[in-house]
Structure formats: structure tokens, C-alpha cells
file query-v9.txt (compact mmCIF, C-alpha atoms)
# COMPACT_ATOMS: atom_id res chain seq x y z
CA MET A 1 -64.50 -96.52 129.04
CA LYS A 2 -61.02 -95.63 127.76
CA LEU A 3 -60.32 -92.01 126.90
CA LEU A 4 -57.10 -90.67 125.39
CA ILE A 5 -56.39 -87.24 126.84
CA GLY A 6 -52.77 -86.68 125.82
CA ILE A 7 -49.63 -87.91 124.06
CA ILE A 8 -46.27 -87.58 125.79
CA ALA A 9 -42.80 -87.86 124.25
CA THR A 10 -40.42 -89.47 126.76
CA ASP A 11 -36.96 -91.04 126.70
CA GLU A 12 -38.69 -94.42 126.59
CA GLY A 13 -40.72 -93.47 123.53
CA GLU A 14 -44.20 -92.13 122.99
CA GLN A 15 -46.56 -92.60 125.92
CA LEU A 16 -50.34 -92.38 125.83
CA PHE A 17 -51.98 -90.59 128.73
CA ILE A 18 -55.36 -92.27 129.12
CA LEU A 19 -58.31 -92.53 131.44
CA ASN A 20 -59.35 -96.14 131.96
CA ASN A 21 -62.76 -96.14 133.65
CA GLY A 22 -61.89 -92.83 135.24
CA ARG A 23 -58.39 -93.88 136.37
CA PRO A 24 -55.35 -92.14 134.82
CA ALA A 25 -52.63 -94.34 133.33
CA LEU A 26 -49.64 -94.19 130.98
CA ILE A 27 -49.21 -96.85 128.30
CA LYS A 28 -46.66 -97.27 125.55
CA ALA A 29 -47.84 -96.29 122.10
CA GLU A 30 -45.41 -98.46 120.16
CA GLY A 31 -47.00 -101.54 118.62
CA ASN A 32 -50.43 -100.77 120.02
CA HIS A 33 -51.75 -99.04 116.90
CA PRO A 34 -53.08 -96.06 118.89
CA GLU A 35 -54.60 -94.51 115.77
CA LYS A 36 -56.95 -97.51 115.61
CA MET A 37 -57.66 -97.66 119.32
CA TYR A 38 -58.33 -93.96 119.84
CA ALA A 39 -60.18 -91.90 117.24
CA ASN A 40 -58.78 -88.64 118.63
CA TYR A 41 -55.14 -89.81 118.40
CA SER A 42 -54.43 -87.86 115.20
CA ILE A 43 -55.94 -84.68 116.65
CA LEU A 44 -53.73 -84.84 119.73
CA LYS A 45 -50.69 -85.96 117.74
CA GLN A 46 -50.88 -83.11 115.23
CA HIS A 47 -52.24 -80.66 117.80
CA PRO A 48 -52.95 -77.79 115.39
CA LEU A 49 -53.43 -74.38 116.95
CA LYS A 50 -55.58 -73.40 113.99
CA ILE A 51 -58.40 -75.90 114.21
CA ASN A 52 -60.13 -77.01 110.99
CA ASP A 53 -57.90 -74.67 109.01
CA GLU A 54 -59.02 -75.45 105.46
CA PRO A 55 -60.02 -72.39 103.41
CA MET A 56 -63.21 -72.57 101.40
CA SER A 57 -64.17 -71.00 98.11
CA GLY A 58 -67.24 -70.93 95.91
CA PRO A 59 -69.86 -68.61 94.50
CA GLY A 60 -70.39 -65.80 97.00
CA VAL A 61 -68.32 -67.48 99.75
CA PHE A 62 -66.20 -65.15 101.88
CA ARG A 63 -64.32 -65.37 105.17
CA PHE A 64 -65.72 -63.47 108.12
CA ARG A 65 -63.08 -62.87 110.80
CA TYR A 66 -64.35 -62.62 114.36
CA GLY A 67 -61.69 -61.70 116.92
CA PRO A 68 -59.19 -61.62 118.52
CA VAL A 69 -60.26 -58.19 119.82
CA THR A 70 -63.96 -57.96 119.09
CA SER A 71 -67.05 -57.21 121.13
CA GLY A 72 -68.41 -60.52 122.39
CA VAL A 73 -65.06 -62.36 122.31
CA ARG A 74 -64.03 -62.54 125.96
CA GLU A 75 -60.49 -63.79 125.32
CA ALA A 76 -57.81 -63.25 122.70
CA GLY A 77 -58.95 -65.87 120.22
CA CYS A 78 -60.00 -65.73 116.60
CA PHE A 79 -62.73 -67.35 114.53
CA HIS A 80 -62.64 -67.52 110.72
CA LEU A 81 -66.18 -68.22 109.61
CA TYR A 82 -66.71 -69.08 105.95
CA THR A 83 -70.15 -68.10 104.69
CA TYR A 84 -72.13 -66.77 101.78
CA GLY A 85 -74.61 -64.99 103.99
CA GLU A 86 -76.39 -66.38 107.04
CA LYS A 87 -75.18 -69.99 107.10
CA ILE A 88 -71.77 -70.97 108.51
CA LEU A 89 -70.08 -73.28 106.01
CA ARG A 90 -66.85 -73.80 107.94
CA ALA A 91 -65.46 -72.53 111.22
CA THR A 92 -61.72 -72.26 111.74
CA ILE A 93 -60.75 -71.54 115.34
CA ASP A 94 -57.32 -70.00 116.00
CA VAL A 95 -56.27 -70.53 119.62
CA SER A 96 -52.65 -69.44 119.03
CA TRP A 97 -53.32 -65.94 120.35
CA LYS A 98 -53.35 -67.38 123.87
CA GLN A 99 -50.45 -69.78 123.48
CA ARG A 100 -47.99 -69.03 126.28
CA GLU A 101 -46.20 -72.40 126.49
CA MET A 102 -46.94 -72.68 130.19
CA GLY A 103 -45.44 -76.16 130.39
CA LYS A 104 -42.08 -74.85 129.21
CA ALA A 105 -42.34 -71.91 131.59
CA MET A 106 -42.58 -74.39 134.49
CA GLN A 107 -39.37 -76.20 133.53
CA ASN A 108 -36.34 -75.92 135.82
CA LYS A 109 -38.40 -74.33 138.56
CA SER A 110 -39.23 -75.65 141.98
CA PRO A 111 -42.57 -77.45 142.22
CA GLU A 112 -43.92 -74.65 144.41
CA THR A 113 -42.99 -71.97 141.86
CA ALA A 114 -44.33 -74.05 138.97
CA LEU A 115 -47.59 -74.50 140.87
CA LEU A 116 -48.16 -70.75 140.78
CA LEU A 117 -47.88 -70.90 137.00
CA ALA A 118 -50.34 -73.79 136.83
CA GLU A 119 -52.92 -71.61 138.56
CA GLN A 120 -52.42 -68.98 135.85
CA VAL A 121 -53.12 -71.25 132.87
CA CYS A 122 -56.83 -70.43 133.02
CA SER A 123 -58.19 -68.48 135.97
CA ASN A 124 -61.66 -70.04 135.62
CA PHE A 125 -60.11 -73.44 136.38
CA ALA A 126 -57.36 -72.25 138.75
CA ILE A 127 -57.97 -74.79 141.51
CA SER A 128 -58.42 -77.67 139.03
CA HIS A 129 -55.08 -76.89 137.40
CA SER A 130 -53.45 -76.43 140.79
CA ILE A 131 -54.70 -79.73 142.19
CA ALA A 132 -53.95 -81.73 139.03
CA PHE A 133 -50.39 -80.39 138.95
CA SER A 134 -49.81 -80.93 142.67
CA ARG A 135 -51.11 -84.51 142.50
CA ALA A 136 -48.77 -85.26 139.60
CA VAL A 137 -45.83 -83.83 141.55
CA GLU A 138 -46.85 -85.75 144.65
CA MET A 139 -46.83 -88.99 142.66
CA ALA A 140 -43.39 -88.15 141.27
CA LEU A 141 -41.96 -87.32 144.70
CA GLU A 142 -43.92 -90.03 146.56
CA LEU A 143 -45.69 -87.53 148.77
CA SER A 144 -48.92 -88.55 150.46
CA PRO A 145 -51.12 -85.63 151.54
CA SER A 146 -53.35 -86.10 154.54
CA LEU A 147 -56.98 -87.06 154.26
CA PHE A 148 -57.77 -83.54 155.49
CA THR A 149 -55.94 -82.04 152.49
CA LYS A 150 -57.55 -84.48 150.06
CA ASN A 151 -61.01 -83.73 151.40
CA TRP A 152 -60.59 -79.99 151.12
CA ARG A 153 -59.21 -80.26 147.60
CA THR A 154 -62.34 -82.14 146.58
CA LEU A 155 -64.59 -79.51 148.13
CA LEU A 156 -62.70 -76.70 146.39
CA ILE A 157 -63.11 -78.36 142.99
CA GLU A 158 -66.86 -78.55 143.61
CA SER A 159 -66.87 -74.87 144.58
CA GLU A 160 -65.13 -74.10 141.30
CA ARG A 161 -67.65 -76.23 139.40
CA ILE A 162 -70.56 -74.27 140.88
CA TYR A 163 -69.40 -70.80 139.91
CA ASN A 164 -68.22 -71.92 136.47
CA HIS A 165 -71.54 -73.57 135.65
CA LEU A 166 -73.46 -70.54 136.92
CA HIS A 167 -71.43 -68.23 134.71
CA LEU A 168 -71.99 -70.44 131.68
CA ILE A 169 -75.76 -70.49 132.22
CA TYR A 170 -75.69 -66.72 132.69
CA LYS A 171 -73.99 -66.35 129.28
CA LEU A 172 -76.55 -68.62 127.60
CA ALA A 173 -79.45 -66.69 129.13
CA SER A 174 -77.89 -63.38 128.08
CA SER A 175 -77.39 -64.59 124.51
CA ALA A 176 -81.05 -65.62 124.41
CA ALA A 177 -82.08 -62.13 125.58
CA GLN A 178 -83.50 -63.57 128.82
CA LYS A 179 -82.53 -60.49 130.82
CA VAL A 180 -84.40 -61.29 134.02
CA LEU A 181 -83.07 -64.85 134.18
CA ALA A 182 -79.57 -63.64 133.33
CA ALA A 183 -79.67 -61.02 136.08
CA HIS A 184 -80.75 -63.54 138.72
CA VAL A 185 -78.12 -66.12 137.66
CA SER A 186 -75.48 -63.39 137.62
CA ALA A 187 -76.40 -62.57 141.22
CA LEU A 188 -76.01 -66.23 142.18
CA PHE A 189 -72.62 -66.28 140.44
CA GLU A 190 -71.54 -63.35 142.59
CA ASP A 191 -72.85 -65.12 145.69
CA ALA A 192 -70.79 -68.20 144.79
CA LEU A 193 -67.64 -66.08 144.51
CA ARG A 194 -68.37 -64.48 147.88
CA LEU A 195 -68.78 -67.92 149.45
CA ASN A 196 -65.36 -68.85 148.04
CA GLU A 197 -63.89 -65.74 149.62
CA SER A 198 -65.56 -66.38 152.98
CA LEU A 199 -64.17 -69.91 153.04
CA THR A 200 -60.69 -69.43 151.61
CA GLY A 201 -59.98 -65.70 151.27
CA SER A 202 -59.91 -65.95 147.45
CA ARG A 203 -62.90 -65.45 145.16
CA TYR A 204 -61.31 -67.61 142.44
CA LEU A 205 -59.70 -70.10 144.87
CA MET A 206 -56.12 -69.05 144.13
CA GLY A 207 -53.20 -69.47 146.51
CA ILE A 208 -54.97 -72.10 148.62
CA ASN A 209 -53.35 -75.32 147.45
CA ASN A 210 -49.70 -76.35 147.65
CA ILE A 211 -47.54 -79.40 147.01
CA GLY A 212 -48.52 -82.07 149.53
CA LYS A 213 -50.58 -79.69 151.66
CA LEU A 214 -52.72 -76.58 151.80
CA ASN A 215 -51.13 -73.16 152.16
CA HIS A 216 -53.59 -72.28 154.89
CA MET A 217 -56.60 -73.83 156.49
CA PRO A 218 -60.04 -72.70 155.36
CA ASP A 219 -61.73 -70.32 157.78
CA MET A 220 -63.49 -72.70 160.14
CA SER A 221 -65.24 -69.84 161.98
CA ASN A 222 -67.38 -69.22 158.88
CA ILE A 223 -67.97 -72.87 158.07
CA GLN A 224 -71.63 -73.09 159.05
CA MET A 225 -72.41 -69.75 157.44
CA VAL A 226 -70.86 -70.98 154.19
CA ALA A 227 -72.79 -74.26 154.39
CA LYS A 228 -76.00 -72.29 154.83
CA GLY A 229 -75.01 -70.12 151.87
CA TYR A 230 -74.61 -73.11 149.57
CA ARG A 231 -77.94 -74.58 150.73
CA GLU A 232 -79.70 -71.31 149.95
CA LEU A 233 -77.89 -71.00 146.62
CA ALA A 234 -79.12 -74.45 145.60
CA GLU A 235 -82.68 -73.61 146.61
CA ARG A 236 -82.71 -70.29 144.74
CA PHE A 237 -81.11 -71.78 141.63
CA THR A 238 -83.55 -74.70 141.60
CA LYS A 239 -86.50 -72.29 141.52
CA LEU A 240 -84.88 -70.29 138.72
CA TYR A 241 -84.05 -73.40 136.74
CA LYS A 242 -87.57 -74.83 136.99
CA HIS A 243 -88.99 -71.49 135.92
CA SER A 244 -86.62 -71.30 132.94
CA LEU A 245 -87.74 -74.73 131.72
CA ALA A 246 -91.23 -73.32 131.26
CA ASN A 247 -89.89 -70.56 128.99
CA TYR A 248 -90.15 -72.05 125.51
CA ASN A 249 -88.62 -68.99 123.84
CA TYR A 250 -85.45 -69.69 125.84
CA LEU A 251 -85.46 -73.46 125.35
CA ASP A 252 -86.09 -73.16 121.61
CA ARG A 253 -82.86 -71.18 121.23
CA LEU A 254 -80.86 -74.00 122.84
CA HIS A 255 -82.77 -77.00 121.54
CA SER A 256 -81.04 -78.70 118.57
CA ALA A 257 -78.24 -76.10 118.57
CA GLY A 258 -74.82 -77.68 118.12
CA ILE A 259 -75.74 -81.37 118.31
CA ILE A 260 -72.86 -83.74 119.03
CA THR A 261 -73.60 -87.44 118.60
CA PRO A 262 -72.06 -90.04 120.93
CA VAL A 263 -69.83 -91.26 118.07
CA GLN A 264 -68.60 -87.74 117.33
CA ALA A 265 -68.00 -87.06 121.02
CA GLU A 266 -65.77 -90.11 121.33
CA GLU A 267 -63.98 -89.32 118.06
CA LEU A 268 -63.06 -85.88 119.40
CA GLY A 269 -62.10 -87.11 122.87
CA LEU A 270 -64.69 -85.05 124.73
CA SER A 271 -65.18 -85.47 128.46
CA GLY A 272 -67.16 -83.77 131.20
CA PRO A 273 -70.60 -82.22 130.63
CA SER A 274 -70.14 -82.15 126.84
CA LEU A 275 -69.74 -85.93 126.78
CA ARG A 276 -72.33 -86.65 129.45
CA ALA A 277 -74.86 -84.57 127.49
CA CYS A 278 -74.58 -87.27 124.79
CA GLY A 279 -75.62 -89.97 127.24
CA ILE A 280 -72.09 -91.28 127.91
CA ARG A 281 -70.69 -91.64 131.42
CA ASP A 282 -67.02 -90.68 131.56
CA ASP A 283 -66.39 -92.09 135.07
CA LEU A 284 -64.47 -88.94 136.01
CA ASN A 285 -65.82 -89.09 139.55
CA ASP A 286 -63.75 -92.26 139.96
CA ALA A 287 -60.57 -90.26 139.28
CA THR A 288 -60.80 -89.13 142.91
CA GLU A 289 -60.98 -92.03 145.33
CA HIS A 290 -62.53 -90.10 148.20
CA LEU A 291 -65.22 -88.45 146.06
CA ILE A 292 -68.47 -90.09 147.04
CA SER A 293 -72.21 -89.50 146.81
CA LEU A 294 -72.07 -87.37 143.66
CA PRO A 295 -74.34 -88.85 141.00
CA VAL A 296 -73.27 -88.75 137.36
CA ILE A 297 -75.70 -86.55 135.41
CA THR A 298 -76.36 -87.46 131.77
CA GLN A 299 -78.67 -86.30 128.99
CA ASN A 300 -79.17 -87.87 125.59
CA GLN A 301 -79.79 -85.06 123.11
CA GLY A 302 -76.19 -83.83 122.80
CA ASP A 303 -77.26 -80.25 122.04
CA ALA A 304 -76.73 -76.92 123.79
CA LEU A 305 -79.84 -77.51 125.89
CA ALA A 306 -78.59 -80.89 127.08
CA ARG A 307 -75.20 -79.42 127.98
CA MET A 308 -76.95 -76.69 129.96
CA GLU A 309 -79.21 -79.23 131.71
CA VAL A 310 -76.24 -81.36 132.79
CA ARG A 311 -74.54 -78.33 134.30
CA ALA A 312 -77.71 -77.11 135.98
CA GLU A 313 -78.20 -80.41 137.80
CA GLU A 314 -74.51 -80.55 138.70
CA ILE A 315 -74.80 -77.13 140.37
CA VAL A 316 -77.46 -78.44 142.74
CA ASN A 317 -75.63 -81.71 143.43
CA SER A 318 -72.33 -79.91 144.11
CA CYS A 319 -74.06 -77.51 146.51
CA ARG A 320 -75.61 -80.41 148.39
CA TYR A 321 -72.26 -82.21 148.50
CA LEU A 322 -70.61 -79.12 149.97
CA VAL A 323 -73.36 -78.62 152.54
CA ASP A 324 -73.14 -82.24 153.73
CA HIS A 325 -69.35 -82.19 154.04
CA LEU A 326 -68.93 -78.69 155.46
CA ARG A 327 -71.32 -79.52 158.29
CA ALA A 328 -69.12 -82.49 159.21
CA SER A 329 -65.80 -80.67 158.72
CA ASP A 330 -65.19 -80.02 162.44
CA SER A 331 -64.71 -83.76 162.98
CA TRP A 332 -61.91 -83.90 160.42
CA TYR A 333 -59.52 -82.48 162.98
CA ASP A 334 -59.99 -85.52 165.21
CA THR A 335 -58.78 -88.06 162.64
CA VAL A 336 -56.49 -86.12 160.31
CA ASP A 337 -52.95 -87.37 159.77
CA LYS A 338 -50.12 -84.94 159.12
CA ASP A 339 -49.01 -84.36 155.56
CA THR A 340 -45.87 -86.35 154.77
CA GLU A 341 -42.58 -84.51 154.46
CA LEU A 342 -40.59 -84.35 151.24
CA THR A 343 -37.93 -87.11 151.13
CA LYS A 344 -37.55 -87.75 147.39
CA THR A 345 -36.32 -85.20 144.85
CA GLY A 346 -37.14 -86.84 141.53
CA GLY A 347 -39.51 -89.09 139.65
CA THR A 348 -42.42 -89.17 137.21
CA GLY A 349 -46.03 -88.50 138.04
CA TYR A 350 -49.37 -87.87 136.41
CA ALA A 351 -52.87 -86.99 137.56
CA VAL A 352 -56.32 -86.09 136.28
CA VAL A 353 -59.05 -84.06 137.96
CA ASN A 354 -62.72 -83.69 137.13
CA SER A 355 -62.68 -80.00 136.22
CA PRO A 356 -65.91 -78.09 135.47
CA SER A 357 -65.50 -78.78 131.74
CA GLY A 358 -64.00 -82.27 131.84
CA ALA A 359 -60.79 -84.23 132.24
CA LEU A 360 -57.82 -82.02 133.06
CA GLY A 361 -54.49 -83.84 133.25
CA TYR A 362 -50.87 -83.11 134.12
CA TYR A 363 -47.73 -85.13 133.44
CA VAL A 364 -44.62 -84.14 135.42
CA GLU A 365 -40.98 -85.22 135.41
CA ALA A 366 -38.97 -84.00 138.39
CA ASP A 367 -35.26 -84.26 139.15
CA ASP A 368 -33.06 -82.80 141.88
CA GLY A 369 -35.98 -80.93 143.35
CA LYS A 370 -36.83 -79.20 140.06
CA VAL A 371 -39.57 -79.69 137.49
CA ARG A 372 -37.87 -80.83 134.26
CA ASN A 373 -40.81 -81.60 131.99
CA VAL A 374 -44.53 -80.79 132.14
CA GLY A 375 -47.41 -81.86 129.91
CA ILE A 376 -50.76 -80.08 130.26
CA PHE A 377 -53.90 -81.65 128.78
CA THR A 378 -57.13 -79.72 129.04
CA PRO A 379 -60.80 -80.31 128.12
CA SER A 380 -60.97 -77.03 126.19
CA TYR A 381 -58.76 -78.27 123.34
CA PRO A 382 -61.01 -81.15 122.20
CA GLY A 383 -63.93 -78.88 123.07
CA MET A 384 -62.71 -76.34 120.51
CA HIS A 385 -62.63 -79.08 117.88
CA ALA A 386 -66.23 -79.93 118.77
CA VAL A 387 -67.30 -76.29 118.47
CA SER A 388 -65.64 -76.04 115.05
CA ARG A 389 -67.38 -79.19 113.83
CA VAL A 390 -70.92 -78.47 114.99
CA LEU A 391 -70.94 -74.85 113.82
CA GLU A 392 -70.90 -76.05 110.22
CA GLY A 393 -74.36 -75.72 108.71
CA LEU A 394 -75.74 -73.52 111.50
CA ILE A 395 -76.69 -69.87 111.20
CA PHE A 396 -74.88 -66.99 112.88
CA THR A 397 -77.48 -66.52 115.60
CA ASP A 398 -76.67 -70.05 116.85
CA PHE A 399 -73.02 -69.15 117.36
CA PRO A 400 -73.10 -67.98 121.03
CA PHE A 401 -75.28 -70.89 122.15
CA VAL A 402 -72.89 -73.42 120.63
CA PHE A 403 -69.66 -71.82 121.81
CA ASP A 404 -70.78 -70.98 125.34
CA SER A 405 -72.50 -74.32 125.95
CA PHE A 406 -69.24 -76.27 125.61
CA GLY A 407 -67.58 -74.30 128.42
CA VAL A 408 -64.30 -73.91 126.53
CA HIS A 409 -61.67 -71.20 126.97
CA PHE A 410 -58.88 -70.10 124.64
CA ALA A 411 -56.35 -69.87 127.47
CA ASP A 412 -57.18 -73.40 128.59
CA ALA A 413 -57.02 -74.75 125.03
CA ALA A 414 -53.76 -73.11 124.00
CA CYS A 415 -51.83 -73.15 127.30

call {"tool": "encode", "arguments": {"input": "query-v9.txt", "output": "C-alpha cells"}}
result
Amino acid sequence: MKLLIGIIATDEGEQLFILNNGRPALIKAEGNHPEKMYANYSILKQHPLKINDEPMSGPGVFRFRYGPVTSGVREAGCFHLYTYGEKILRATIDVSWKQREMGKAMQNKSPETALLLAEQVCSNFAISHSIAFSRAVEMALELSPSLFTKNWRTLLIESERIYNHLHLIYKLASSAAQKVLAAHVSALFEDALRLNESLTGSRYLMGINNIGKLNHMPDMSNIQMVAKGYRELAERFTKLYKHSLANYNYLDRLHSAGIITPVQAEELGLSGPSLRACGIRDDLNDATEHLISLPVITQNQGDALARMEVRAEEIVNSCRYLVDHLRASDSWYDTVDKDTELTKTGGTGYAVVNSPSGALGYYVEADDGKVRNVGIFTPSYPGMHAVSRVLEGLIFTDFPFVFDSFGVHFADAAC
């Protein structure tokens, strides 16, 4: 599968940042008719910050503005919902309130300083942004981190996936007025953050990663306690999840809400759980060579329920992956090679990681030890387009189930 995740303007002309069967690559756009090859080319090329911004009019139609500072909107973002009552006729999403031009802010800074900014793009995906940026820099500077560093980066991404997915399911349960389920999942979310802190010292996995290495080693004295914690978390969540599947009041709220077809998903350039919920494998696990034994979870319905089910199964699989690898982590010290030292000061690099919500990519140009150009490509931007599209024709009570099920964030979409 080929997926276009970004368009980059370079001195050599326009470059397409793609995933080819899970592997990131840059190809020239000239003469390749990218608009015919990739249905989402025009979306990424135009890159509007006001998504689906076409006003509507008609008998009784009015615009309902929701945000940027409104109860229920967790970030500074704005929805313009056109309606004549209960049905949503069109949904314009304005992500400009969170536009901070983080790529420009990284320019002319050292890679280490720019890395700190990458972590601040979207705190929910801090380690994904950090690792994607550092891998791109490492390619540019021809740095080769040790297997120890690579292994720990993979584990940290799975830790981030677990707490993100738990929080998303908590929001869905809350929106469906499933207070008991929401309370239990919220407790598991807190447990996941505490496990992060026990392992790394940071609840949201910040300040751990660096260019070509880790800033500090995870706390090996707590390693078996953390492994036990993830095993218990998986067991407790599995019981909750099975119980929730017997609650038809809950499932009915998610079933058929915000359906995305496989064709629409590819047209919008979706990846991650939102794409896999349509029955399409995105091969993102292959973006990390040392990532093994994690099955690709898919569903076929393409609705909010399918997106929740994909994430629920990924929580359990990620916990099991962490347990298996944390138990064996003591042996890593016996075979680990040292991280290579910096010898090159310039070059071009790019990388993609399998973030909790999909393909997250960075493009970096470095020169004289400074970052000169940065491109950031996140799963939340195409995800916002998907939210805007599927809201049309639904009623207002479907809104939270659609928006939350895609796992998108304004900060991640606007950068």
C-alpha cells in the first residue's frame, strides 16, 4: 500500500513524502501526476486550516459555532456546524487557533533544542513526535543509535499508545453516559501514567529521548514491577472490555456513527486505527524494523464502534508486548553497542513512526550543526478532514462519538 503523508518544497522541486508498504520514502512529484496517484494530494497541497469551509444557506439554515472556548472542547479549536435544527448539514473545522508554526520555530536551532519543541507539538503524542524527529535527524547526520536505544524507543511508543487509547475509550464511555465504565477506564488511564513515571520518571514520557541516544536509562530497579503492572492492566481492561460489549445501550451509540468507507479513507489519506477500522492494513508496524510480534488489528465496519474496537485490542497487545520485552530487558546490557558519535553536521533525513493515531512523519534538513528546514506531518490533519466529512447528515448527539473516535487533536493537526 502507498500512502501520501506530506508534500515538501525543496531546492530540487516538490517532493512527495510517502509510505510504501510501511516504509518512508521521498519521490519527485514532477511528471508523476501525483494528483492522479494520490487522492489526498490536493488536500495536502492546499492544506486549508479551515477544513470544508463552504458556507451554506437555505430555509431555516443557520451556523452554530462551537468553540474555541466552550465546555466540551478540550483544545482551542472551532467548529462551525450548519443546521436547521437537529441534523448537521455541514461541519467546518477551524484548526488555526492552535497553529504555532512549530516547524519554523525549530529552524536555525541545534537538533537537541529543536527536539524539545517537537515534544511540545502535541503532549499526547510527545514521544512519537520526539522519536520521529530524532530518527529524521539521525538519518540526516548519519547517526546510528544502539539496539538498546532502538528497543527502548519502541517500548515507549507502545506505552504512549496504551494511555492514549485508554483515554479515548474513557471519553467515548463518558459521552455515552456509561459512568461506571468511564470511571474504571479512567482509573486504568491513571495507572498507565503511573507506570510511565515508574519506568522513566515522566508520566507523559517527556525528556527521555535525545538525538542518537536516550537522555537517561529507564529505571531498571522497577522493571519487573512495571512488567507486572502492564500484565495486570491488560487483564483488568480485558474484563472491562468484554463486559462493555454486552452493554447494548453503549454499543448502539457507537454503532453506525461516523462511517468511513475504505474508498473514503484512502481518499483522505487516513492511517492508523481509523484506517484499520475500515479493514485496510497500513503496514505501519513495518516502519520500525525491530518491531516484532505485534499483530495488525482490523475491523470492517468503519464506524465509531470499529475504531474503538481496534484501539481496545491494541491496548491488550501493546501491554503483552511490553511485558514480554521488559522481562527480557536485563539481557540487553550484555549485547548492546554504544551509540555512535556525531561526525557529520549536515544532510537530509526523514522518518515515520506508528503513533497512537497513525502515521506521524518528520522531514529535516540540517547544515552546520543546525536544523534549517523541518516538515511535520501528522495523522490528526487528515483525521480532521474525515471528521468533517462524516458529520454531515448526522444529528448533534452523534458529534462526540464521531470526533473522539478518530483520536484527533487540534494541536497535532495545526502544528

call {"tool": "residues_near_point", "arguments": {"input": "query-v9.txt", "point": "(-48.5, -91.5, 137.4)", "cutoff": "9 Å", "atoms": "all atoms listed in the file", "output": "PyMOL selection string"}}
result
chain A and resi 24-26+136+139-140+348-351+363-364

call {"tool": "residues_around", "arguments": {"input": "query-v9.txt", "residues": "Gly60 (chain A)", "least_positions_apart": "3", "cutoff": "12 Å", "atoms": "all atoms listed in the file", "output": "PyMOL selection string"}}
result
chain A and resi 56-57+63+82-87+89

call {"tool": "closest_residue", "arguments": {"input": "query-v9.txt", "among": "A:Tyr241, A:Arg100, A:Ala29, A:Ser130", "to": "Leu205 (chain A)", "atoms": "all atoms listed in the file"}}
result
A:Ser130

call {"tool": "residues_around", "arguments": {"input": "query-v9.txt", "residues": "region 114-129 of chain A", "least_positions_apart": "3", "cutoff": "8 Å", "atoms": "all atoms listed in the file", "output": "PyMOL selection string"}}
result
chain A and resi 102+105-107+109-111+132-134+156-157+160+164+204-207+209-211+353-356+360+371+409+411-412+415

call {"tool": "write_last_selection", "arguments": {"input": "query-v9.txt", "atoms": "C-alpha atoms", "output": "compact mmCIF listing (two decimals), keeping the file's coordinate frame"}}
result
# COMPACT_ATOMS: atom_id res chain seq x y z
CA MET A 102 -46.94 -72.68 130.19
CA ALA A 105 -42.34 -71.91 131.59
CA MET A 106 -42.58 -74.39 134.49
CA GLN A 107 -39.37 -76.20 133.53
CA LYS A 109 -38.40 -74.33 138.56
CA SER A 110 -39.23 -75.65 141.98
CA PRO A 111 -42.57 -77.45 142.22
CA ALA A 132 -53.95 -81.73 139.03
CA PHE A 133 -50.39 -80.39 138.95
CA SER A 134 -49.81 -80.93 142.67
CA LEU A 156 -62.70 -76.70 146.39
CA ILE A 157 -63.11 -78.36 142.99
CA GLU A 160 -65.13 -74.10 141.30
CA ASN A 164 -68.22 -71.92 136.47
CA TYR A 204 -61.31 -67.61 142.44
CA LEU A 205 -59.70 -70.10 144.87
CA MET A 206 -56.12 -69.05 144.13
CA GLY A 207 -53.20 -69.47 146.51
CA ASN A 209 -53.35 -75.32 147.45
CA ASN A 210 -49.70 -76.35 147.65
CA ILE A 211 -47.54 -79.40 147.01
CA VAL A 353 -59.05 -84.06 137.96
CA ASN A 354 -62.72 -83.69 137.13
CA SER A 355 -62.68 -80.00 136.22
CA PRO A 356 -65.91 -78.09 135.47
CA LEU A 360 -57.82 -82.02 133.06
CA VAL A 371 -39.57 -79.69 137.49
CA HIS A 409 -61.67 -71.20 126.97
CA ALA A 411 -56.35 -69.87 127.47
CA ASP A 412 -57.18 -73.40 128.59
CA CYS A 415 -51.83 -73.15 127.30

call {"tool": "residues_around", "arguments": {"input": "query-v9.txt", "residues": "Ser318 (chain A)", "least_positions_apart": "2", "cutoff": "12 Å", "atoms": "all atoms listed in the file", "output": "ChimeraX atom specification"}}
result
/A:154-166,192,227,230-231,233-234,291-297,311-316,320-326,356

call {"tool": "closest_residue", "arguments": {"input": "query-v9.txt", "among": "A:Leu240, A:Ala173, A:Ala366, A:Ala304", "to": "Ala257 (chain A)", "atoms": "all atoms listed in the file"}}
result
A:Ala304

call {"tool": "closest_residue", "arguments": {"input": "query-v9.txt", "among": "A:Asp398, A:Glu138, A:Glu267, A:Asp283", "to": "Gly358 (chain A)", "atoms": "all atoms listed in the file"}}
result
A:Asp283

call {"tool": "residues_around", "arguments": {"input": "query-v9.txt", "residues": "Ile51 (chain A)", "least_positions_apart": "2", "cutoff": "12 Å", "atoms": "all atoms listed in the file", "output": "ChimeraX atom specification"}}
result
/A:43-44,46-49,53-55,77-81,90-96,381-389,410,413-414

call {"tool": "residues_around", "arguments": {"input": "query-v9.txt", "residues": "Arg203 (chain A)", "least_positions_apart": "4", "cutoff": "9 Å", "atoms": "only C-alpha atoms", "output": "list in words"}}
result
Ala192, Leu193, Arg194, Leu195, Asn196, Glu197 and Ser198 of chain A

call {"tool": "atom_distance", "arguments": {"input": "query-v9.txt", "atom1": "CA of Asn108 (chain A)", "atom2": "CA of Arg372 (chain A)"}}
result
5.4 Å

call {"tool": "atom_distance", "arguments": {"input": "query-v9.txt", "atom1": "CA of Glu14 (chain A)", "atom2": "CA of Glu142 (chain A)"}}
result
23.7 Å
